[in-house]
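Q: One structure follows; several queries about it will come next.
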Amino acid sequence: MVVAFSAFLALVVVLILNIPVGFGIGLSSVVAVLADGRLSSQYIVEQIISGTDSFPLMAIPLFILAGELMGAGGVSKRLLNVCNVFIGRVTGGIAIVTVVLCMFFAAVSGSGPATVAAIGTMVVPEMLRKGYDKKFALALVACAGSIGVIIPPSIPMVIYGVSTGTSISSLFMAGFLPGIWIGITLIVLCYFVCKKNGWKGDERKYSAKKKLNALWEAKWALINPIIILGGIYEGIFTPTEAAAVACIYALLCGMFIYRELNFKQLFEIIANACLTTGTILIIVGCATAFAKILTIEKIPNMLTQAIMGMTDSKTVVILFIIIILLIVGCFMDTTPAMMILAPIFLPIAKSFGVDPVHFGIIMVVTLAVGFITPPLGVNLFVAARVGNTSLEDVCSGIIRFIIVMVIDVLVITFIPVISMLLPNLLI
(Lines give C-alpha, C1' and ligand atoms only; values in the text may rest on other atoms or scores of the structure.)
Protein backbone atom coordinates (compact mmCIF):
# COMPACT_ATOMS: atom_id res chain seq x y z
CA MET A 1 0.00 0.00 0.00
CA VAL A 2 2.90 2.35 0.77
CA VAL A 3 4.30 1.76 -2.71
CA ALA A 4 0.97 2.59 -4.40
CA PHE A 5 0.54 5.72 -2.27
CA SER A 6 4.08 6.87 -3.09
CA ALA A 7 3.57 6.26 -6.82
CA PHE A 8 0.25 8.12 -7.04
CA LEU A 9 1.50 10.97 -4.85
CA ALA A 10 4.52 11.34 -7.13
CA LEU A 11 2.23 11.30 -10.17
CA VAL A 12 0.06 14.08 -8.72
CA VAL A 13 3.14 16.17 -7.93
CA VAL A 14 4.64 15.86 -11.42
CA LEU A 15 1.29 16.77 -13.00
CA ILE A 16 1.04 19.86 -10.77
CA LEU A 17 4.61 20.79 -11.78
CA ASN A 18 3.51 20.51 -15.43
CA ILE A 19 6.20 17.95 -16.26
CA PRO A 20 5.44 16.18 -19.58
CA VAL A 21 3.08 13.30 -18.87
CA GLY A 22 5.31 10.54 -20.25
CA PHE A 23 8.32 11.59 -18.18
CA GLY A 24 6.08 12.21 -15.17
CA ILE A 25 4.76 8.65 -15.25
CA GLY A 26 8.33 7.38 -15.63
CA LEU A 27 9.45 9.36 -12.56
CA SER A 28 6.46 7.99 -10.62
CA SER A 29 7.56 4.47 -11.55
CA VAL A 30 11.07 5.23 -10.24
CA VAL A 31 9.57 6.46 -6.94
CA ALA A 32 7.52 3.23 -6.69
CA VAL A 33 10.62 1.10 -7.29
CA LEU A 34 12.57 2.97 -4.63
CA ALA A 35 9.71 2.60 -2.16
CA ASP A 36 9.34 -1.11 -2.87
CA GLY A 37 12.97 -2.14 -2.50
CA ARG A 38 12.42 -5.49 -4.25
CA LEU A 39 12.68 -4.09 -7.77
CA SER A 40 15.60 -2.43 -9.53
CA SER A 41 15.68 0.46 -11.96
CA GLN A 42 16.48 -2.11 -14.63
CA TYR A 43 12.93 -3.44 -14.25
CA ILE A 44 11.54 -0.09 -15.41
CA VAL A 45 13.75 -0.11 -18.48
CA GLU A 46 12.69 -3.67 -19.30
CA GLN A 47 9.00 -2.79 -19.01
CA ILE A 48 9.36 0.35 -21.13
CA ILE A 49 10.95 -1.71 -23.90
CA SER A 50 8.48 -4.60 -23.63
CA GLY A 51 5.54 -2.18 -23.44
CA THR A 52 6.38 -0.66 -26.81
CA ASP A 53 7.51 -3.93 -28.41
CA SER A 54 4.05 -4.86 -29.68
CA PHE A 55 2.77 -5.59 -33.19
CA PRO A 56 -0.70 -4.05 -32.55
CA LEU A 57 0.96 -0.82 -31.34
CA MET A 58 2.51 -0.41 -34.79
CA ALA A 59 -0.96 0.70 -35.90
CA ILE A 60 -0.59 3.94 -33.92
CA PRO A 61 2.24 5.63 -35.92
CA LEU A 62 0.74 4.35 -39.16
CA PHE A 63 -2.75 5.72 -38.45
CA ILE A 64 -1.21 9.02 -37.34
CA LEU A 65 0.73 9.23 -40.62
CA ALA A 66 -2.37 8.27 -42.61
CA GLY A 67 -4.37 11.06 -40.95
CA GLU A 68 -1.64 13.62 -41.70
CA LEU A 69 -1.43 12.50 -45.34
CA MET A 70 -5.19 12.68 -45.84
CA GLY A 71 -5.44 16.10 -44.26
CA ALA A 72 -2.78 17.55 -46.55
CA GLY A 73 -3.54 15.49 -49.65
CA GLY A 74 -6.97 16.87 -50.53
CA VAL A 75 -9.13 14.13 -49.04
CA SER A 76 -10.71 16.43 -46.44
CA LYS A 77 -11.47 19.08 -49.06
CA ARG A 78 -13.42 16.60 -51.23
CA LEU A 79 -15.37 15.30 -48.26
CA LEU A 80 -16.28 18.87 -47.28
CA ASN A 81 -17.60 19.56 -50.76
CA VAL A 82 -19.80 16.45 -50.74
CA CYS A 83 -21.23 17.19 -47.29
CA ASN A 84 -21.93 20.81 -48.20
CA VAL A 85 -23.68 19.92 -51.46
CA PHE A 86 -26.06 17.45 -49.81
CA ILE A 87 -26.80 18.94 -46.38
CA GLY A 88 -25.41 22.48 -46.45
CA ARG A 89 -28.78 24.12 -47.21
CA VAL A 90 -30.54 23.15 -43.96
CA THR A 91 -30.62 25.51 -40.98
CA GLY A 92 -27.12 25.69 -39.53
CA GLY A 93 -25.86 23.88 -42.63
CA ILE A 94 -22.13 24.51 -42.26
CA ALA A 95 -22.27 23.58 -38.54
CA ILE A 96 -24.00 20.28 -39.34
CA VAL A 97 -21.55 19.72 -42.20
CA THR A 98 -18.72 20.15 -39.68
CA VAL A 99 -20.06 17.33 -37.52
CA VAL A 100 -20.65 15.00 -40.48
CA LEU A 101 -17.21 15.79 -41.88
CA CYS A 102 -15.57 15.01 -38.53
CA MET A 103 -17.40 11.67 -38.53
CA PHE A 104 -16.05 10.88 -42.01
CA PHE A 105 -12.53 11.95 -41.11
CA ALA A 106 -12.71 9.94 -37.89
CA ALA A 107 -13.03 6.84 -40.05
CA VAL A 108 -9.55 7.42 -41.45
CA SER A 109 -7.55 9.27 -38.80
CA GLY A 110 -8.08 7.63 -35.39
CA SER A 111 -7.05 10.85 -33.61
CA GLY A 112 -9.10 13.62 -32.03
CA PRO A 113 -6.59 16.49 -32.34
CA ALA A 114 -5.76 15.48 -35.94
CA THR A 115 -9.46 15.64 -36.81
CA VAL A 116 -9.79 19.11 -35.26
CA ALA A 117 -6.74 20.41 -37.12
CA ALA A 118 -7.70 18.92 -40.50
CA ILE A 119 -11.36 19.94 -40.42
CA GLY A 120 -11.07 23.17 -38.43
CA THR A 121 -8.73 24.86 -40.89
CA MET A 122 -11.37 24.39 -43.62
CA VAL A 123 -14.70 25.01 -41.88
CA VAL A 124 -13.93 27.68 -39.26
CA PRO A 125 -13.11 30.46 -41.78
CA GLU A 126 -16.26 29.56 -43.73
CA MET A 127 -18.41 29.64 -40.57
CA LEU A 128 -17.02 33.04 -39.59
CA ARG A 129 -17.67 34.34 -43.12
CA LYS A 130 -21.30 33.27 -42.78
CA GLY A 131 -21.69 35.18 -39.51
CA TYR A 132 -21.40 32.37 -36.97
CA ASP A 133 -20.19 33.25 -33.50
CA LYS A 134 -16.47 32.46 -33.26
CA LYS A 135 -16.78 30.88 -29.81
CA PHE A 136 -19.50 28.52 -31.04
CA ALA A 137 -17.60 27.62 -34.21
CA LEU A 138 -14.38 26.73 -32.40
CA ALA A 139 -16.16 24.87 -29.59
CA LEU A 140 -18.11 22.87 -32.16
CA VAL A 141 -14.97 21.83 -34.05
CA ALA A 142 -13.23 20.89 -30.79
CA CYS A 143 -16.17 18.75 -29.66
CA ALA A 144 -16.91 17.13 -33.04
CA GLY A 145 -13.21 16.33 -33.33
CA SER A 146 -13.48 14.07 -30.28
CA ILE A 147 -15.50 11.67 -32.47
CA GLY A 148 -12.13 10.97 -34.10
CA VAL A 149 -11.27 8.51 -31.30
CA ILE A 150 -14.69 6.85 -31.18
CA ILE A 151 -15.49 5.92 -34.77
CA PRO A 152 -12.85 3.38 -35.83
CA PRO A 153 -10.00 3.24 -36.46
CA SER A 154 -9.21 4.62 -33.01
CA ILE A 155 -5.82 4.98 -31.34
CA PRO A 156 -7.28 4.77 -27.77
CA MET A 157 -9.05 1.54 -28.76
CA VAL A 158 -5.72 0.10 -29.87
CA ILE A 159 -4.22 1.14 -26.52
CA TYR A 160 -7.10 -0.44 -24.59
CA GLY A 161 -6.89 -3.64 -26.62
CA VAL A 162 -3.15 -3.96 -26.04
CA SER A 163 -3.46 -3.14 -22.32
CA THR A 164 -6.27 -5.59 -21.59
CA GLY A 165 -5.92 -8.28 -24.26
CA THR A 166 -9.30 -7.37 -25.78
CA SER A 167 -9.90 -7.90 -29.51
CA ILE A 168 -9.11 -4.66 -31.33
CA SER A 169 -11.31 -5.67 -34.29
CA SER A 170 -14.28 -6.14 -31.93
CA LEU A 171 -13.58 -2.76 -30.33
CA PHE A 172 -13.49 -1.14 -33.76
CA MET A 173 -16.83 -2.69 -34.68
CA ALA A 174 -18.33 -1.64 -31.34
CA GLY A 175 -17.30 1.98 -31.86
CA PHE A 176 -19.43 2.61 -34.94
CA LEU A 177 -22.89 3.10 -33.44
CA PRO A 178 -21.70 5.09 -30.38
CA GLY A 179 -19.79 7.42 -32.72
CA ILE A 180 -22.82 7.83 -34.96
CA TRP A 181 -25.05 8.41 -31.92
CA ILE A 182 -22.78 11.17 -30.62
CA GLY A 183 -22.69 12.72 -34.10
CA ILE A 184 -26.50 12.75 -34.25
CA THR A 185 -26.83 14.42 -30.85
CA LEU A 186 -24.34 17.11 -31.86
CA ILE A 187 -26.23 17.68 -35.11
CA VAL A 188 -29.49 18.13 -33.16
CA LEU A 189 -27.77 20.59 -30.81
CA CYS A 190 -26.33 22.52 -33.76
CA TYR A 191 -29.73 22.74 -35.45
CA PHE A 192 -31.47 24.30 -32.45
CA VAL A 193 -28.61 26.65 -31.58
CA CYS A 194 -28.36 27.83 -35.17
CA LYS A 195 -32.12 28.22 -35.49
CA LYS A 196 -32.20 30.30 -32.30
CA ASN A 197 -29.42 32.57 -33.58
CA GLY A 198 -30.72 32.83 -37.15
CA TRP A 199 -27.72 31.13 -38.75
CA LYS A 200 -29.13 29.83 -42.01
CA GLY A 201 -27.76 27.29 -44.40
CA ASP A 202 -26.23 27.67 -47.83
CA GLU A 203 -28.69 29.50 -50.08
CA ARG A 204 -27.28 28.02 -53.27
CA LYS A 205 -29.26 25.27 -54.97
CA TYR A 206 -27.40 22.28 -56.32
CA SER A 207 -28.73 20.32 -59.27
CA ALA A 208 -28.63 16.55 -59.41
CA LYS A 209 -25.76 16.84 -61.88
CA LYS A 210 -23.66 18.92 -59.46
CA LYS A 211 -24.36 16.48 -56.65
CA LEU A 212 -23.27 13.57 -58.79
CA ASN A 213 -20.15 15.48 -59.86
CA ALA A 214 -19.28 16.14 -56.20
CA LEU A 215 -19.71 12.46 -55.40
CA TRP A 216 -17.60 11.42 -58.38
CA GLU A 217 -14.80 13.84 -57.51
CA ALA A 218 -14.74 12.55 -53.93
CA LYS A 219 -15.09 8.86 -54.78
CA TRP A 220 -11.52 8.00 -53.75
CA ALA A 221 -11.97 9.76 -50.42
CA LEU A 222 -15.34 8.08 -49.79
CA ILE A 223 -14.20 4.53 -50.46
CA ASN A 224 -11.13 4.89 -48.24
CA PRO A 225 -12.93 3.91 -44.98
CA ILE A 226 -14.64 1.05 -46.83
CA ILE A 227 -11.30 -0.38 -47.93
CA ILE A 228 -9.67 -0.02 -44.51
CA LEU A 229 -12.50 -1.15 -42.26
CA GLY A 230 -13.97 -3.63 -44.73
CA GLY A 231 -10.58 -5.30 -45.00
CA ILE A 232 -10.38 -5.65 -41.22
CA TYR A 233 -13.84 -7.14 -40.78
CA GLU A 234 -13.54 -9.45 -43.76
CA GLY A 235 -10.30 -10.81 -42.30
CA ILE A 236 -8.19 -9.64 -45.24
CA PHE A 237 -5.75 -7.85 -42.94
CA THR A 238 -5.27 -7.05 -39.27
CA PRO A 239 -5.84 -3.55 -37.81
CA THR A 240 -2.07 -2.98 -37.91
CA GLU A 241 -1.86 -4.04 -41.56
CA ALA A 242 -4.92 -1.88 -42.27
CA ALA A 243 -3.02 1.13 -40.94
CA ALA A 244 -0.22 0.43 -43.42
CA VAL A 245 -2.78 0.13 -46.22
CA ALA A 246 -4.29 3.46 -45.11
CA CYS A 247 -0.88 5.15 -45.39
CA ILE A 248 -0.23 3.81 -48.87
CA TYR A 249 -3.74 4.71 -50.03
CA ALA A 250 -3.50 8.24 -48.61
CA LEU A 251 -0.10 8.73 -50.25
CA LEU A 252 -1.39 7.58 -53.64
CA CYS A 253 -4.47 9.83 -53.37
CA GLY A 254 -2.49 12.89 -52.34
CA MET A 255 0.40 12.58 -54.79
CA PHE A 256 -1.02 10.90 -57.89
CA ILE A 257 -4.83 11.24 -57.87
CA TYR A 258 -5.54 14.67 -56.33
CA ARG A 259 -1.94 15.88 -56.86
CA GLU A 260 -2.02 18.24 -53.88
CA LEU A 261 0.92 16.61 -52.12
CA ASN A 262 4.57 17.10 -53.08
CA PHE A 263 7.82 15.72 -51.72
CA LYS A 264 8.57 18.83 -49.66
CA GLN A 265 5.22 18.53 -47.87
CA LEU A 266 5.76 14.79 -47.50
CA PHE A 267 8.91 15.26 -45.43
CA GLU A 268 7.12 17.78 -43.19
CA ILE A 269 4.18 15.40 -42.73
CA ILE A 270 6.47 12.50 -41.83
CA ALA A 271 8.32 14.73 -39.34
CA ASN A 272 5.04 15.77 -37.67
CA ALA A 273 3.86 12.15 -37.52
CA CYS A 274 7.19 11.05 -36.00
CA LEU A 275 6.99 13.78 -33.36
CA THR A 276 3.47 12.74 -32.35
CA THR A 277 4.37 9.05 -32.42
CA GLY A 278 7.47 9.58 -30.27
CA THR A 279 5.42 11.40 -27.66
CA ILE A 280 2.78 8.66 -27.56
CA LEU A 281 5.27 5.79 -27.38
CA ILE A 282 7.17 7.41 -24.49
CA ILE A 283 3.86 7.62 -22.64
CA VAL A 284 2.96 4.02 -23.54
CA GLY A 285 6.31 2.64 -22.39
CA CYS A 286 6.38 4.51 -19.09
CA ALA A 287 2.69 3.80 -18.43
CA THR A 288 3.34 0.08 -19.03
CA ALA A 289 6.05 0.09 -16.35
CA PHE A 290 3.76 2.02 -13.98
CA ALA A 291 0.85 -0.39 -14.56
CA LYS A 292 3.07 -3.47 -14.06
CA ILE A 293 4.32 -2.12 -10.74
CA LEU A 294 0.72 -1.55 -9.61
CA THR A 295 -0.11 -5.12 -10.65
CA ILE A 296 2.84 -6.50 -8.66
CA GLU A 297 1.55 -4.58 -5.65
CA LYS A 298 -1.92 -6.09 -6.30
CA ILE A 299 -3.52 -2.65 -6.44
CA PRO A 300 -6.22 -3.67 -9.01
CA ASN A 301 -7.29 -6.58 -6.76
CA MET A 302 -7.35 -4.36 -3.69
CA LEU A 303 -9.48 -1.74 -5.42
CA THR A 304 -11.86 -4.38 -6.75
CA GLN A 305 -12.37 -5.83 -3.29
CA ALA A 306 -12.72 -2.37 -1.72
CA ILE A 307 -15.34 -1.19 -4.21
CA MET A 308 -17.29 -4.45 -4.05
CA GLY A 309 -17.16 -4.21 -0.26
CA MET A 310 -18.80 -0.77 -0.35
CA THR A 311 -21.69 -1.64 -2.66
CA ASP A 312 -23.08 -4.48 -4.71
CA SER A 313 -24.90 -2.14 -7.09
CA LYS A 314 -23.61 -2.38 -10.64
CA THR A 315 -25.07 1.05 -11.48
CA VAL A 316 -23.31 2.77 -8.58
CA VAL A 317 -19.97 1.15 -9.39
CA ILE A 318 -20.13 2.05 -13.10
CA LEU A 319 -21.14 5.63 -12.28
CA PHE A 320 -18.24 5.81 -9.83
CA ILE A 321 -15.82 4.68 -12.56
CA ILE A 322 -17.28 7.19 -15.05
CA ILE A 323 -16.88 10.06 -12.58
CA ILE A 324 -13.24 9.11 -11.97
CA LEU A 325 -12.60 8.93 -15.73
CA LEU A 326 -14.21 12.33 -16.29
CA ILE A 327 -12.04 13.87 -13.56
CA VAL A 328 -8.89 12.15 -14.82
CA GLY A 329 -9.66 13.31 -18.36
CA CYS A 330 -9.44 16.91 -17.17
CA PHE A 331 -5.81 16.47 -16.13
CA MET A 332 -4.38 13.57 -18.15
CA ASP A 333 -4.24 12.71 -21.84
CA THR A 334 -6.24 9.74 -23.12
CA THR A 335 -3.23 7.47 -23.79
CA PRO A 336 -1.67 7.42 -20.28
CA ALA A 337 -5.12 7.40 -18.66
CA MET A 338 -6.08 4.34 -20.70
CA MET A 339 -2.76 2.57 -20.05
CA ILE A 340 -2.95 3.08 -16.28
CA LEU A 341 -6.68 2.78 -15.56
CA ALA A 342 -7.88 0.12 -18.02
CA PRO A 343 -6.07 -2.77 -16.24
CA ILE A 344 -7.37 -1.46 -12.89
CA PHE A 345 -11.02 -0.86 -13.78
CA LEU A 346 -11.66 -3.73 -16.20
CA PRO A 347 -11.53 -6.46 -13.50
CA ILE A 348 -14.02 -4.44 -11.46
CA ALA A 349 -16.36 -4.05 -14.44
CA LYS A 350 -16.06 -7.74 -15.36
CA SER A 351 -16.94 -8.75 -11.80
CA PHE A 352 -20.29 -7.00 -12.34
CA GLY A 353 -20.87 -8.71 -15.68
CA VAL A 354 -19.82 -5.88 -18.01
CA ASP A 355 -18.46 -7.13 -21.33
CA PRO A 356 -14.78 -6.12 -21.86
CA VAL A 357 -15.60 -4.73 -25.33
CA HIS A 358 -18.49 -2.65 -24.00
CA PHE A 359 -16.34 -1.41 -21.12
CA GLY A 360 -13.64 -0.42 -23.60
CA ILE A 361 -16.15 1.75 -25.44
CA ILE A 362 -17.30 3.26 -22.14
CA MET A 363 -13.70 4.18 -21.32
CA VAL A 364 -12.96 5.59 -24.78
CA VAL A 365 -16.15 7.69 -24.92
CA THR A 366 -15.74 8.96 -21.35
CA LEU A 367 -12.09 9.86 -21.79
CA ALA A 368 -13.00 11.51 -25.12
CA VAL A 369 -14.87 14.11 -23.06
CA GLY A 370 -11.43 14.99 -21.67
CA PHE A 371 -10.50 16.34 -25.10
CA ILE A 372 -12.85 19.28 -24.46
CA THR A 373 -12.57 19.79 -20.70
CA PRO A 374 -10.10 22.32 -19.26
CA PRO A 375 -7.38 22.56 -18.17
CA LEU A 376 -5.80 19.87 -20.37
CA GLY A 377 -8.40 19.57 -23.20
CA VAL A 378 -6.07 18.96 -26.15
CA ASN A 379 -8.80 19.67 -28.72
CA LEU A 380 -9.40 23.06 -27.11
CA PHE A 381 -5.76 24.04 -27.63
CA VAL A 382 -5.84 22.85 -31.25
CA ALA A 383 -9.09 24.73 -31.92
CA ALA A 384 -7.66 27.89 -30.36
CA ARG A 385 -4.64 27.61 -32.65
CA VAL A 386 -6.88 27.04 -35.68
CA GLY A 387 -8.97 30.09 -34.80
CA ASN A 388 -5.93 32.19 -33.85
CA THR A 389 -7.59 33.08 -30.56
CA SER A 390 -7.20 32.47 -26.82
CA LEU A 391 -8.06 29.28 -24.99
CA GLU A 392 -10.54 31.24 -22.87
CA ASP A 393 -12.63 32.11 -25.94
CA VAL A 394 -12.92 28.45 -26.91
CA CYS A 395 -13.73 27.36 -23.35
CA SER A 396 -16.49 29.94 -23.01
CA GLY A 397 -18.46 28.21 -25.77
CA ILE A 398 -17.82 24.60 -24.79
CA ILE A 399 -20.20 24.11 -21.81
CA ARG A 400 -23.28 23.05 -23.80
CA PHE A 401 -21.19 20.54 -25.75
CA ILE A 402 -19.75 19.02 -22.57
CA ILE A 403 -23.27 18.55 -21.19
CA VAL A 404 -24.39 16.76 -24.37
CA MET A 405 -21.27 14.56 -24.36
CA VAL A 406 -21.80 13.54 -20.72
CA ILE A 407 -25.41 12.62 -21.50
CA ASP A 408 -24.13 10.56 -24.45
CA VAL A 409 -21.70 8.77 -22.14
CA LEU A 410 -24.56 7.76 -19.83
CA VAL A 411 -26.75 6.60 -22.72
CA ILE A 412 -23.95 4.49 -24.24
CA THR A 413 -23.06 3.08 -20.82
CA PHE A 414 -26.53 1.99 -19.74
CA ILE A 415 -27.83 0.90 -23.14
CA PRO A 416 -25.18 -1.71 -24.03
CA VAL A 417 -26.88 -2.70 -27.28
CA ILE A 418 -25.59 0.52 -28.87
CA SER A 419 -22.05 -0.77 -28.52
CA MET A 420 -22.58 -4.52 -28.69
CA LEU A 421 -25.06 -4.86 -31.56
CA LEU A 422 -22.51 -4.97 -34.37
CA PRO A 423 -19.88 -7.12 -32.54
CA ASN A 424 -22.60 -9.63 -31.61
CA LEU A 425 -23.66 -9.88 -35.23
CA LEU A 426 -20.15 -11.07 -36.11
CA ILE A 427 -20.22 -13.94 -33.62
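All residue names refer to the C-alpha coordinates as shown: chains lettered A, B, ... in order, residues numbered from 1 in each chain, ligands numbered from 1 in order.
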Could you name the residues that touch Tyr258 in chain A at 12 Å or less, counting only C-alpha atoms, but leaving out those on the same chain fewer than 2 positions away, as number ranges by chain?

A: A: 69-70, 72-78, 217-221, 249-256, 260-262

Q: Using only N, CA and C atoms, please write the residues we just selected to a file, as an mmCIF file, in the first residue's frame.

A:
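Here's the written file again.cif:
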data_model
loop_
_atom_site.group_PDB
_atom_site.id
_atom_site.type_symbol
_atom_site.label_atom_id
_atom_site.label_comp_id
_atom_site.auth_asym_id
_atom_site.auth_seq_id
_atom_site.Cartn_x
_atom_site.Cartn_y
_atom_site.Cartn_z
ATOM 1 N N LEU A 69 -1.456 12.543 -43.879
ATOM 2 C CA LEU A 69 -1.433 12.501 -45.344
ATOM 3 C C LEU A 69 -2.786 12.875 -45.930
ATOM 4 N N MET A 70 -3.858 12.398 -45.320
ATOM 5 C CA MET A 70 -5.189 12.681 -45.839
ATOM 6 C C MET A 70 -5.574 14.137 -45.626
ATOM 7 N N ALA A 72 -3.535 16.683 -45.645
ATOM 8 C CA ALA A 72 -2.776 17.550 -46.555
ATOM 9 C C ALA A 72 -2.954 17.174 -48.021
ATOM 10 N N GLY A 73 -3.480 15.978 -48.280
ATOM 11 C CA GLY A 73 -3.537 15.487 -49.654
ATOM 12 C C GLY A 73 -4.814 15.762 -50.404
ATOM 13 N N GLY A 74 -5.752 16.506 -49.817
ATOM 14 C CA GLY A 74 -6.967 16.871 -50.532
ATOM 15 C C GLY A 74 -8.174 16.013 -50.204
ATOM 16 N N VAL A 75 -8.001 14.993 -49.383
ATOM 17 C CA VAL A 75 -9.133 14.127 -49.038
ATOM 18 C C VAL A 75 -10.191 14.905 -48.262
ATOM 19 N N SER A 76 -9.765 15.669 -47.267
ATOM 20 C CA SER A 76 -10.710 16.426 -46.437
ATOM 21 C C SER A 76 -11.491 17.436 -47.271
ATOM 22 N N LYS A 77 -10.820 18.073 -48.218
ATOM 23 C CA LYS A 77 -11.471 19.082 -49.062
ATOM 24 C C LYS A 77 -12.605 18.466 -49.875
ATOM 25 N N ARG A 78 -12.383 17.271 -50.437
ATOM 26 C CA ARG A 78 -13.419 16.604 -51.230
ATOM 27 C C ARG A 78 -14.591 16.182 -50.359
ATOM 28 N N GLU A 217 -16.103 13.254 -57.812
ATOM 29 C CA GLU A 217 -14.797 13.845 -57.510
ATOM 30 C C GLU A 217 -14.253 13.325 -56.177
ATOM 31 N N ALA A 218 -15.162 12.989 -55.266
ATOM 32 C CA ALA A 218 -14.738 12.552 -53.933
ATOM 33 C C ALA A 218 -14.761 11.040 -53.781
ATOM 34 N N LYS A 219 -14.912 10.318 -54.870
ATOM 35 C CA LYS A 219 -15.088 8.859 -54.777
ATOM 36 C C LYS A 219 -13.919 8.175 -54.084
ATOM 37 N N TRP A 220 -12.688 8.645 -54.359
ATOM 38 C CA TRP A 220 -11.524 8.000 -53.750
ATOM 39 C C TRP A 220 -11.459 8.262 -52.250
ATOM 40 N N ALA A 221 -11.922 9.442 -51.858
ATOM 41 C CA ALA A 221 -11.968 9.756 -50.422
ATOM 42 C C ALA A 221 -13.061 8.959 -49.720
ATOM 43 N N TYR A 249 -2.584 4.168 -49.301
ATOM 44 C CA TYR A 249 -3.736 4.708 -50.028
ATOM 45 C C TYR A 249 -3.754 6.233 -49.967
ATOM 46 N N ALA A 250 -3.511 6.788 -48.766
ATOM 47 C CA ALA A 250 -3.502 8.243 -48.608
ATOM 48 C C ALA A 250 -2.385 8.876 -49.434
ATOM 49 N N LEU A 251 -1.235 8.211 -49.469
ATOM 50 C CA LEU A 251 -0.102 8.725 -50.251
ATOM 51 C C LEU A 251 -0.427 8.734 -51.746
ATOM 52 N N LEU A 252 -1.031 7.672 -52.226
ATOM 53 C CA LEU A 252 -1.395 7.584 -53.637
ATOM 54 C C LEU A 252 -2.434 8.644 -54.001
ATOM 55 N N CYS A 253 -3.434 8.815 -53.116
ATOM 56 C CA CYS A 253 -4.469 9.826 -53.372
ATOM 57 C C CYS A 253 -3.873 11.227 -53.415
ATOM 58 N N GLY A 254 -3.039 11.544 -52.436
ATOM 59 C CA GLY A 254 -2.491 12.895 -52.339
ATOM 60 C C GLY A 254 -1.507 13.244 -53.429
ATOM 61 N N MET A 255 -0.674 12.275 -53.848
ATOM 62 C CA MET A 255 0.403 12.578 -54.795
ATOM 63 C C MET A 255 0.029 12.314 -56.260
ATOM 64 N N PHE A 256 -0.800 11.305 -56.506
ATOM 65 C CA PHE A 256 -1.024 10.898 -57.893
ATOM 66 C C PHE A 256 -2.463 11.057 -58.374
ATOM 67 N N GLU A 260 -2.152 17.083 -54.775
ATOM 68 C CA GLU A 260 -2.024 18.240 -53.880
ATOM 69 C C GLU A 260 -0.903 18.027 -52.865
ATOM 70 N N LEU A 261 -0.147 16.950 -53.042
ATOM 71 C CA LEU A 261 0.917 16.615 -52.117
ATOM 72 C C LEU A 261 2.221 16.492 -52.884
ATOM 73 N N ASN A 262 3.263 17.200 -52.436
ATOM 74 C CA ASN A 262 4.567 17.098 -53.076
ATOM 75 C C ASN A 262 5.594 16.567 -52.077
#

Q: Output as JSON lines one row per residue of range 173-237 of chain A within 12 Å of range 393-416 of chain A: the closest atom pair and its distance in Å to one decimal place, counting only C-alpha atoms, sorted by chain and residue number ascending.

A:
{"residue": "A:Ala174", "atom": "CA", "partner": "A:Pro416", "partner_atom": "CA", "distance": 10.0}
{"residue": "A:Gly175", "atom": "CA", "partner": "A:Ile412", "partner_atom": "CA", "distance": 10.4}
{"residue": "A:Phe176", "atom": "CA", "partner": "A:Ile412", "partner_atom": "CA", "distance": 11.8}
{"residue": "A:Leu177", "atom": "CA", "partner": "A:Ile412", "partner_atom": "CA", "distance": 9.4}
{"residue": "A:Pro178", "atom": "CA", "partner": "A:Ile412", "partner_atom": "CA", "distance": 6.6}
{"residue": "A:Gly179", "atom": "CA", "partner": "A:Asp408", "partner_atom": "CA", "distance": 9.9}
{"residue": "A:Ile180", "atom": "CA", "partner": "A:Asp408", "partner_atom": "CA", "distance": 10.9}
{"residue": "A:Trp181", "atom": "CA", "partner": "A:Asp408", "partner_atom": "CA", "distance": 7.8}
{"residue": "A:Ile182", "atom": "CA", "partner": "A:Asp408", "partner_atom": "CA", "distance": 6.3}
{"residue": "A:Gly183", "atom": "CA", "partner": "A:Asp408", "partner_atom": "CA", "distance": 10.0}
{"residue": "A:Ile184", "atom": "CA", "partner": "A:Asp408", "partner_atom": "CA", "distance": 10.3}
{"residue": "A:Thr185", "atom": "CA", "partner": "A:Val404", "partner_atom": "CA", "distance": 7.3}
{"residue": "A:Leu186", "atom": "CA", "partner": "A:Val404", "partner_atom": "CA", "distance": 7.5}
{"residue": "A:Ile187", "atom": "CA", "partner": "A:Val404", "partner_atom": "CA", "distance": 10.9}
{"residue": "A:Val188", "atom": "CA", "partner": "A:Val404", "partner_atom": "CA", "distance": 10.3}
{"residue": "A:Leu189", "atom": "CA", "partner": "A:Val404", "partner_atom": "CA", "distance": 8.2}
{"residue": "A:Cys190", "atom": "CA", "partner": "A:Phe401", "partner_atom": "CA", "distance": 9.7}
{"residue": "A:Phe192", "atom": "CA", "partner": "A:Arg400", "partner_atom": "CA", "distance": 12.0}
{"residue": "A:Val193", "atom": "CA", "partner": "A:Arg400", "partner_atom": "CA", "distance": 10.1}

Q: Neighbouring residues of Glu234 in chain A were defined as those with any atom within 12 Å, considering only C-alpha atoms; residues of the same chain fewer than 5 positions away were excluded. Please report them as a PyMOL selection string.

A: chain A and resi 169+173+226-229+239+242+426

Q: Between A:Leu376, A:Val317, A:Ser419, A:His358, which has the minimum distance to Thr166 in chain A (counting only C-alpha atoms)?

A: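 Distance minimum relative to Thr166 in chain A lands on A:His358.
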